[in-house]
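A short worksheet on the structure shown next.
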Amino acid sequence: MKFYITTPIYYLNDAPHIGHSYTTTAADIMARWKRLKGYDVAFVTGTDEHGAKIVAAAKEKGKSPQEFVDEMSEKFKDAWKLLNISNTGFIRTTDASHIKNSQDIIQILFDKGLIYKKKYTALYCVGCEKFILERDLDENGCCHDHKTKPQLQSEENYFFKLSQFQEILLERILDEKHKEHIEIQPMERRNEIIGKLKLGLDDISVSRATLDWGIPVPFDKNHTIYVWVDALISYITAIGYPAKNNPLSDFWPADIHLMAKDILWFHCVIWPAILIGAGLAAPKKVYSHGFFTIDGDKMSKTIGNVISPQALVDKFGVDAARYLTVSLIPFGPDGDISWSGLNLKYNTDLANNLGNLTSRLNKMFQKYFEGNIPSVKHNGVLFEKAEQVLNEDFAKEMDAFQIHKASDALQKALTLINQQIENDAPWTLAKTDMEKLKECLFSYIQSFDLILLYLFPYMPVISQKIWDINGAQGNLEEIAKDYFANPKKYKDGFSKAGAKLQAAEVLFPRIQ
RNA sequence: CGCGGGGUAGAGCAGAUGGUAGCUCGUCAGGCUCAUAACCUGGAGGCCGCAGGUUCAAAUCCUGCCCCCGCAACCA
């Protein structure tokens, strides 16, 4: 079973921030989850390095575009390393293989008569160095950014016959039974795309005559390929297109393209049209999440409220930063992120529940059994209850990419253990019934271990750490894969009788 | 009549196929003492934007209206 998930390739005019890490962390959690479930996963992220804005940004720093993108793309690689992102590929649009692929695809489209040359006359803003539409002007007829009147300018460009694809795209998006159905999530975004699609499609310009920093159009070296077209093609370059003798290309079409809502149109309409036009399969699912505000304000350099991945990691640690980023707000709609919200979620979910339960159980074992797992028959009642929450709630939400709800299911499962402890009152049993106490503690630790398997995608390091503390042996990820392939094998749990629990440190100190 | 989303307890949100209104946080009361002043139980708190309609029955379907947000940004 193969599974291919992508993040957008990030445009390099800015350093990585929480917007980028949100998407990438979400994709990583999904990739890790699918691996546990036995899928062979390709997970690609990367950087988008062409275009006028890059040239401008480089110039501002006194660098050549190439120097600039080399530096900037390292920052993204570093950020993903910091966040323990398990991507299997990192594509740069300046990679030689990608340049060749983009040219091949454009050539194919050209040969099929889907690309033609046309003179294009429109308003051009010198400040932006791009054509702008009349509806994008302010009340004085000036550009929003530069407050200057745009000039009428004409340019000869190559156009892609996007207009031909309206029918086929609508059919594939609307018909869920279509063998090449393109699924768009969430629903409200899908409706929006369908609505726009029904209005009709214009052919789009796919080349630039005035921009050098780009991939040359193969049949006309005076033009470069429009940066968006080249960016999209990276998704197939990344897994080894063209197919010849490349096992990776079995991963196409992509199972999920993940992104923020602003670039949904490119992925649901332009990208599938290019693929279909070139005789290739279109992606199976396009999933967009919302934008977020920081403390109610738009995330903005000017306001100065941009949160970097590093700042999150500094405050919460890597695993907690991962967990909090994707759990704080619903996945799909717009949401608000604030430090106070993050702190609260950290305290409730991680300090009070996960962290506290770790030391709660640990101290009981230390106090009553010198830190050893007692030998006792496994009473599986609690274990099965937890299994049910995880298999039903967690798995259902995760597969629907509702990762914030899946994390709620984790919390629910942890609460089951806390409730059971309260119900059994082991501190009383310690005085009255040692056999029963053994049985109870044994079932708590096994159920907790079970939850850790599901926690792994969110917190790959800490889950292993708790696993070790709990006296469970071996590599959590490997055991999780084995468990999902054959759950019955682990009916009696994971921590073995006779194993010793490690002393637990405070994993998540409360934030005051 | 541009397109789309949304209006549900103090806050943030769930609530395909209509049938006693739920969750998290906060708040109040109680319990426990193994645990990171953590944990558990219970309570209070809602005319489900407004007005009509369909129905034995509507937050959920239909009609009309009101209000908020995005489709403009340095941006995922």
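Please note that chains go A, B, ... in the order of the structure tokens, that every chain numbers its residues from 1, and that ligands are numbered from 1 in the order shown.
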**Request:** Select all residues from chain B having any atom no more than 8 Å from an atom of chain A (counting only C-alpha atoms (C1' of nucleotides), ignoring ligands), output as a VMD selection string.
**Result:** chain B and resid 3 to 5 32 34 to 36 38 to 40 72 74 to 76
Closest atom pairs, residues of region 29-68 of chain B within 9 Å of region 9-15 of chain B, only C-alpha atoms (C1' of nucleotides), as CSV:
residue,atom,partner,partner_atom,distance
B:G45,C1',B:A9,C1',5.6
B:G46,C1',B:A9,C1',4.6
B:A59,C1',B:G15,C1',8.2
B:U60,C1',B:G15,C1',8.7
Selected residues, C-alpha atoms (C1' of nucleotides), written as a PDB file, in the first residue's frame, please.
ATOM      1  C1'   G B  45     -25.593  28.576  32.983  1.00  0.00           C
ATOM      2  C1'   G B  46     -28.750  28.221  26.197  1.00  0.00           C
ATOM      3  C1'   A B  59     -30.750  23.833  15.894  1.00  0.00           C
ATOM      4  C1'   U B  60     -31.473  20.213  11.911  1.00  0.00           C
TER       5        U B  60
END
**Request:** Would you return as number ranges by chain the members of region 243-305 of chain A that DSSP assigns to alpha helix (DSSP H) on this structure's backbone?
**Result:** A: 264-265, 271-277
Save the residues we just selected, N, CA, C and O atoms, as an mmCIF file, in the first residue's frame?
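What follows is the written file again00.cif:
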data_model
loop_
_atom_site.group_PDB
_atom_site.id
_atom_site.type_symbol
_atom_site.label_atom_id
_atom_site.label_comp_id
_atom_site.auth_asym_id
_atom_site.auth_seq_id
_atom_site.Cartn_x
_atom_site.Cartn_y
_atom_site.Cartn_z
ATOM 1 N N LEU A 264 -5.766 26.887 -2.877
ATOM 2 C CA LEU A 264 -6.600 25.741 -3.235
ATOM 3 C C LEU A 264 -6.934 25.714 -4.726
ATOM 4 O O LEU A 264 -6.908 24.668 -5.366
ATOM 5 N N TRP A 265 -7.234 26.852 -5.267
ATOM 6 C CA TRP A 265 -7.626 26.948 -6.678
ATOM 7 C C TRP A 265 -6.547 26.362 -7.597
ATOM 8 O O TRP A 265 -6.849 25.613 -8.533
ATOM 9 N N TRP A 271 -3.757 22.716 -11.569
ATOM 10 C CA TRP A 271 -2.871 21.543 -11.512
ATOM 11 C C TRP A 271 -3.507 20.302 -12.145
ATOM 12 O O TRP A 271 -2.904 19.690 -13.037
ATOM 13 N N PRO A 272 -4.716 19.940 -11.769
ATOM 14 C CA PRO A 272 -5.336 18.798 -12.448
ATOM 15 C C PRO A 272 -5.456 19.017 -13.959
ATOM 16 O O PRO A 272 -5.268 18.075 -14.735
ATOM 17 N N ALA A 273 -5.748 20.240 -14.366
ATOM 18 C CA ALA A 273 -5.883 20.495 -15.806
ATOM 19 C C ALA A 273 -4.558 20.264 -16.525
ATOM 20 O O ALA A 273 -4.518 19.672 -17.612
ATOM 21 N N ILE A 274 -3.483 20.714 -15.924
ATOM 22 C CA ILE A 274 -2.172 20.502 -16.530
ATOM 23 C C ILE A 274 -1.877 19.008 -16.641
ATOM 24 O O ILE A 274 -1.437 18.508 -17.678
ATOM 25 N N LEU A 275 -2.157 18.301 -15.568
ATOM 26 C CA LEU A 275 -1.889 16.859 -15.553
ATOM 27 C C LEU A 275 -2.729 16.130 -16.586
ATOM 28 O O LEU A 275 -2.221 15.312 -17.362
ATOM 29 N N ILE A 276 -4.010 16.424 -16.581
ATOM 30 C CA ILE A 276 -4.900 15.747 -17.523
ATOM 31 C C ILE A 276 -4.465 16.081 -18.953
ATOM 32 O O ILE A 276 -4.401 15.210 -19.815
ATOM 33 N N GLY A 277 -4.140 17.342 -19.165
ATOM 34 C CA GLY A 277 -3.681 17.762 -20.481
ATOM 35 C C GLY A 277 -2.428 17.014 -20.914
ATOM 36 O O GLY A 277 -2.260 16.664 -22.087
#
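Residue nearest Ile182 (chain A), chosen from A:His257, A:His404, A:Lys53, A:Lys161 and counting only C-alpha atoms: A:His257.
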**Request:** Could you tell me which of A:Ala238, A:Gln473, A:Ile108, A:Ser407 comes closest to Leu280 (chain A) if we count only C-alpha atoms?
**Result:** A:Ile108
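For the atom pair formed by CA of Gly240 (chain A) and CA of Asp482 (chain A), the distance is 29.6 Å, given to one decimal.
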**Message:** I want to know what sits within 7 Å of His223 (chain A), based on only C-alpha atoms (C1' of nucleotides), with residues of the same chain fewer than 4 positions away left out; could you give that as a PyMOL selection string?
**Reply:** chain A and resi 207-209+216-217
**Message:** Under the rule that only C-alpha atoms (C1' of nucleotides) are counted, which of B:C28, B:G7, B:A21, B:A73 is the nearest residue to C50 (chain B)?
**Reply:** B:G7
**Request:** Rounded to one decimal place, report the CA of Leu382 (chain A)-CA of Leu416 (chain A) distance in Å.
**Result:** 7.7 Å
**Prompt:** CA of Tyr287 (chain A) and CA of Ser163 (chain A), how far apart in Å?
**Reply:** 23.7 Å
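For the set B:G49, B:U20, B:U54, B:A37, the residue with the smallest atom-to-atom gap to C67 (chain B) is B:G49, counting only C-alpha atoms (C1' of nucleotides).
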**Item:** Polymer residues at most 8 Å from region 460-472 of chain A, only C-alpha atoms (C1' of nucleotides), same-chain spacing of 5 or more positions, as a list in words
**Value:**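 Listed by chain and then number, they are Asp319, Thr358, Asn362, Ile373, Ile445, Asp449, Leu452, Leu453, Leu455, Phe494, Ser495, Lys496, Ala499, Lys500, Leu501, Gln502, Ala503 and Ala504 of chain A.
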Would you save the residues from that selection as a PDB file, in the first residue's frame, using N, CA, C and O atoms?
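Result written to again_7.pdb:
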ATOM      1  N   ASP A 319       8.356  18.159  20.862  1.00  0.00           N
ATOM      2  CA  ASP A 319       7.149  17.344  20.755  1.00  0.00           C
ATOM      3  C   ASP A 319       5.904  18.104  21.180  1.00  0.00           C
ATOM      4  O   ASP A 319       4.847  17.990  20.554  1.00  0.00           O
ATOM      5  N   THR A 358       1.750  10.058  33.732  1.00  0.00           N
ATOM      6  CA  THR A 358       3.029   9.350  33.691  1.00  0.00           C
ATOM      7  C   THR A 358       3.631   9.248  35.091  1.00  0.00           C
ATOM      8  O   THR A 358       3.988   8.161  35.551  1.00  0.00           O
ATOM      9  N   ASN A 362       3.826   6.026  37.638  1.00  0.00           N
ATOM     10  CA  ASN A 362       5.196   5.680  37.965  1.00  0.00           C
ATOM     11  C   ASN A 362       5.407   5.621  39.476  1.00  0.00           C
ATOM     12  O   ASN A 362       5.978   4.663  39.998  1.00  0.00           O
ATOM     13  N   ILE A 373       7.189  -4.345  37.243  1.00  0.00           N
ATOM     14  CA  ILE A 373       5.888  -4.755  36.717  1.00  0.00           C
ATOM     15  C   ILE A 373       5.571  -6.105  37.352  1.00  0.00           C
ATOM     16  O   ILE A 373       6.326  -7.062  37.167  1.00  0.00           O
ATOM     17  N   ILE A 445      -1.027   0.348  33.274  1.00  0.00           N
ATOM     18  CA  ILE A 445       0.209   0.560  32.519  1.00  0.00           C
ATOM     19  C   ILE A 445       0.054   0.034  31.091  1.00  0.00           C
ATOM     20  O   ILE A 445       0.531   0.647  30.142  1.00  0.00           O
ATOM     21  N   ASP A 449       0.375   2.284  27.769  1.00  0.00           N
ATOM     22  CA  ASP A 449       1.273   1.908  26.670  1.00  0.00           C
ATOM     23  C   ASP A 449       0.532   1.948  25.332  1.00  0.00           C
ATOM     24  O   ASP A 449       1.044   2.443  24.326  1.00  0.00           O
ATOM     25  N   LEU A 452       0.157   5.267  23.937  1.00  0.00           N
ATOM     26  CA  LEU A 452       1.418   5.805  23.408  1.00  0.00           C
ATOM     27  C   LEU A 452       1.626   5.463  21.935  1.00  0.00           C
ATOM     28  O   LEU A 452       2.239   6.218  21.188  1.00  0.00           O
ATOM     29  N   LEU A 453       1.097   4.313  21.513  1.00  0.00           N
ATOM     30  CA  LEU A 453       1.224   3.940  20.102  1.00  0.00           C
ATOM     31  C   LEU A 453       0.562   4.992  19.220  1.00  0.00           C
ATOM     32  O   LEU A 453       1.044   5.318  18.136  1.00  0.00           O
ATOM     33  N   LEU A 455      -0.102   8.072  20.205  1.00  0.00           N
ATOM     34  CA  LEU A 455       0.492   9.381  20.458  1.00  0.00           C
ATOM     35  C   LEU A 455       1.731   9.586  19.590  1.00  0.00           C
ATOM     36  O   LEU A 455       2.100  10.716  19.271  1.00  0.00           O
ATOM     37  N   PHE A 494       1.965  -4.594  26.734  1.00  0.00           N
ATOM     38  CA  PHE A 494       3.291  -4.296  26.189  1.00  0.00           C
ATOM     39  C   PHE A 494       4.401  -4.363  27.240  1.00  0.00           C
ATOM     40  O   PHE A 494       5.478  -4.850  26.990  1.00  0.00           O
ATOM     41  N   SER A 495       4.107  -3.810  28.419  1.00  0.00           N
ATOM     42  CA  SER A 495       5.097  -3.868  29.489  1.00  0.00           C
ATOM     43  C   SER A 495       5.046  -5.258  30.105  1.00  0.00           C
ATOM     44  O   SER A 495       4.001  -5.702  30.545  1.00  0.00           O
ATOM     45  N   LYS A 496       6.199  -5.934  30.126  1.00  0.00           N
ATOM     46  CA  LYS A 496       6.202  -7.342  30.551  1.00  0.00           C
ATOM     47  C   LYS A 496       6.472  -7.473  32.050  1.00  0.00           C
ATOM     48  O   LYS A 496       7.230  -6.698  32.635  1.00  0.00           O
ATOM     49  N   ALA A 499       9.717  -6.538  34.237  1.00  0.00           N
ATOM     50  CA  ALA A 499      10.443  -5.358  33.744  1.00  0.00           C
ATOM     51  C   ALA A 499      10.403  -4.264  34.803  1.00  0.00           C
ATOM     52  O   ALA A 499       9.501  -4.214  35.634  1.00  0.00           O
ATOM     53  N   LYS A 500      11.400  -3.413  34.734  1.00  0.00           N
ATOM     54  CA  LYS A 500      11.479  -2.355  35.740  1.00  0.00           C
ATOM     55  C   LYS A 500      11.125  -1.010  35.123  1.00  0.00           C
ATOM     56  O   LYS A 500      11.590  -0.669  34.034  1.00  0.00           O
ATOM     57  N   LEU A 501      10.307  -0.254  35.814  1.00  0.00           N
ATOM     58  CA  LEU A 501      10.017   1.103  35.350  1.00  0.00           C
ATOM     59  C   LEU A 501      11.207   2.006  35.654  1.00  0.00           C
ATOM     60  O   LEU A 501      11.883   1.820  36.664  1.00  0.00           O
ATOM     61  N   GLN A 502      11.426   2.948  34.769  1.00  0.00           N
ATOM     62  CA  GLN A 502      12.482   3.930  35.034  1.00  0.00           C
ATOM     63  C   GLN A 502      11.901   5.061  35.883  1.00  0.00           C
ATOM     64  O   GLN A 502      10.700   5.303  35.849  1.00  0.00           O
ATOM     65  N   ALA A 503      12.781   5.706  36.614  1.00  0.00           N
ATOM     66  CA  ALA A 503      12.317   6.846  37.392  1.00  0.00           C
ATOM     67  C   ALA A 503      11.821   7.918  36.426  1.00  0.00           C
ATOM     68  O   ALA A 503      12.476   8.222  35.441  1.00  0.00           O
ATOM     69  N   ALA A 504      10.651   8.460  36.704  1.00  0.00           N
ATOM     70  CA  ALA A 504      10.071   9.449  35.795  1.00  0.00           C
ATOM     71  C   ALA A 504      10.495  10.852  36.192  1.00  0.00           C
ATOM     72  O   ALA A 504      10.396  11.232  37.354  1.00  0.00           O
TER      73      ALA A 504
END
**Shortest interatomic distance to Gly380 (chain A) - which of A:Ser249, A:Gln411, A:Ser447, A:Ser340, counting only C-alpha atoms** = A:Ser447
**Prompt:** Taking into account only C-alpha atoms, which residue in the set A:Thr432, A:Thr237, A:Asn391, A:Asn343 is nearest to Ala96 (chain A)?
**Reply:** A:Thr237
**Request:** Enumerate, as a PyMOL selection string, the complete set of residues in region 210-365 of chain A that a backbone-based DSSP assignment places in strand (DSSP E or B).
**Result:** chain A and resi 216-217+220-225+256-260+285-289+292-294+297-298+335-337
**Asked** Excluding same-chain residues fewer than 5 positions from Leu410 (chain A), what lies within 9 Å of it counting only C-alpha atoms (C1' of nucleotides), as an NGL selection string?
**Response** :A and (389-390 or 393-394 or 405 or 415 or 451-452 or 454-455)
Could you take the residues named above and write them with all heavy atoms, as an mmCIF file, in the first residue's frame?
data_model
loop_
_atom_site.group_PDB
_atom_site.id
_atom_site.type_symbol
_atom_site.label_atom_id
_atom_site.label_comp_id
_atom_site.auth_asym_id
_atom_site.auth_seq_id
_atom_site.Cartn_x
_atom_site.Cartn_y
_atom_site.Cartn_z
ATOM 1 N N VAL A 389 -11.874 3.489 22.107
ATOM 2 C CA VAL A 389 -11.769 4.935 21.870
ATOM 3 C C VAL A 389 -10.728 5.218 20.797
ATOM 4 O O VAL A 389 -10.935 6.036 19.897
ATOM 5 C CB VAL A 389 -11.401 5.687 23.168
ATOM 6 C CG1 VAL A 389 -10.996 7.120 22.860
ATOM 7 C CG2 VAL A 389 -12.565 5.649 24.141
ATOM 8 N N LEU A 390 -9.620 4.538 20.871
ATOM 9 C CA LEU A 390 -8.526 4.804 19.941
ATOM 10 C C LEU A 390 -8.839 4.293 18.539
ATOM 11 O O LEU A 390 -8.607 4.979 17.546
ATOM 12 C CB LEU A 390 -7.240 4.175 20.464
ATOM 13 C CG LEU A 390 -6.749 4.802 21.785
ATOM 14 C CD1 LEU A 390 -5.685 3.940 22.432
ATOM 15 C CD2 LEU A 390 -6.230 6.213 21.548
ATOM 16 N N ASP A 393 -12.737 6.419 17.695
ATOM 17 C CA ASP A 393 -12.675 7.882 17.651
ATOM 18 C C ASP A 393 -11.386 8.370 16.996
ATOM 19 O O ASP A 393 -11.412 9.106 16.016
ATOM 20 C CB ASP A 393 -12.764 8.471 19.065
ATOM 21 C CG ASP A 393 -14.099 8.125 19.705
ATOM 22 O OD1 ASP A 393 -14.885 7.422 19.056
ATOM 23 O OD2 ASP A 393 -14.341 8.551 20.838
ATOM 24 N N PHE A 394 -10.286 7.942 17.552
ATOM 25 C CA PHE A 394 -9.010 8.457 17.065
ATOM 26 C C PHE A 394 -8.814 8.135 15.583
ATOM 27 O O PHE A 394 -8.549 9.023 14.775
ATOM 28 C CB PHE A 394 -7.842 7.877 17.875
ATOM 29 C CG PHE A 394 -6.490 8.367 17.432
ATOM 30 C CD1 PHE A 394 -5.890 9.443 18.061
ATOM 31 C CD2 PHE A 394 -5.819 7.769 16.363
ATOM 32 C CE1 PHE A 394 -4.649 9.918 17.649
ATOM 33 C CE2 PHE A 394 -4.587 8.232 15.937
ATOM 34 C CZ PHE A 394 -3.992 9.307 16.578
ATOM 35 N N LYS A 405 -9.266 16.676 16.495
ATOM 36 C CA LYS A 405 -10.212 15.787 17.160
ATOM 37 C C LYS A 405 -9.553 14.465 17.544
ATOM 38 O O LYS A 405 -9.906 13.857 18.545
ATOM 39 C CB LYS A 405 -11.408 15.512 16.246
ATOM 40 C CG LYS A 405 -12.361 16.673 16.121
ATOM 41 C CD LYS A 405 -13.626 16.249 15.412
ATOM 42 C CE LYS A 405 -14.493 17.437 15.060
ATOM 43 N NZ LYS A 405 -15.562 17.053 14.119
ATOM 44 N N THR A 415 -8.020 9.991 30.043
ATOM 45 C CA THR A 415 -8.991 10.227 31.112
ATOM 46 C C THR A 415 -9.628 8.925 31.598
ATOM 47 O O THR A 415 -9.928 8.769 32.780
ATOM 48 C CB THR A 415 -10.064 11.225 30.629
ATOM 49 O OG1 THR A 415 -9.431 12.485 30.383
ATOM 50 C CG2 THR A 415 -11.165 11.415 31.660
ATOM 51 N N ILE A 451 -1.993 3.706 24.474
ATOM 52 C CA ILE A 451 -2.236 5.083 24.043
ATOM 53 C C ILE A 451 -0.978 5.677 23.408
ATOM 54 O O ILE A 451 -1.054 6.450 22.442
ATOM 55 C CB ILE A 451 -2.721 5.940 25.240
ATOM 56 C CG1 ILE A 451 -4.078 5.430 25.721
ATOM 57 C CG2 ILE A 451 -2.822 7.415 24.849
ATOM 58 C CD1 ILE A 451 -4.524 6.006 27.054
ATOM 59 N N LEU A 452 0.157 5.267 23.937
ATOM 60 C CA LEU A 452 1.418 5.805 23.408
ATOM 61 C C LEU A 452 1.626 5.463 21.935
ATOM 62 O O LEU A 452 2.239 6.218 21.188
ATOM 63 C CB LEU A 452 2.600 5.285 24.227
ATOM 64 C CG LEU A 452 2.634 5.729 25.695
ATOM 65 C CD1 LEU A 452 3.790 5.073 26.420
ATOM 66 C CD2 LEU A 452 2.723 7.246 25.807
ATOM 67 N N TYR A 454 -0.562 5.476 19.708
ATOM 68 C CA TYR A 454 -1.318 6.461 18.930
ATOM 69 C C TYR A 454 -0.777 7.864 19.103
ATOM 70 O O TYR A 454 -1.006 8.733 18.269
ATOM 71 C CB TYR A 454 -2.789 6.419 19.349
ATOM 72 C CG TYR A 454 -3.505 5.145 18.960
ATOM 73 C CD1 TYR A 454 -3.390 3.996 19.723
ATOM 74 C CD2 TYR A 454 -4.293 5.101 17.814
ATOM 75 C CE1 TYR A 454 -4.043 2.831 19.360
ATOM 76 C CE2 TYR A 454 -4.959 3.933 17.449
ATOM 77 C CZ TYR A 454 -4.825 2.803 18.233
ATOM 78 O OH TYR A 454 -5.481 1.661 17.865
ATOM 79 N N LEU A 455 -0.102 8.072 20.205
ATOM 80 C CA LEU A 455 0.492 9.381 20.458
ATOM 81 C C LEU A 455 1.731 9.586 19.590
ATOM 82 O O LEU A 455 2.100 10.716 19.271
ATOM 83 C CB LEU A 455 0.867 9.513 21.945
ATOM 84 C CG LEU A 455 1.553 10.809 22.383
ATOM 85 C CD1 LEU A 455 0.610 12.000 22.238
ATOM 86 C CD2 LEU A 455 2.048 10.703 23.825
#
**Residue contacts of U55 (chain B) (10 Å, only C-alpha atoms (C1' of nucleotides)) excluding same-chain residues fewer than 3 positions away, as a PyMOL selection string** = chain B and resi 18+58+61
Could you save those same residues with C-alpha atoms (C1' of nucleotides) as a PDB file, in the first residue's frame?
ATOM      1  C1'   G B  18     -35.512  16.044  11.604  1.00  0.00           C
ATOM      2  C1'   A B  58     -36.892  21.324  13.497  1.00  0.00           C
ATOM      3  C1'   C B  61     -35.949  20.891   5.827  1.00  0.00           C
TER       4        C B  61
END
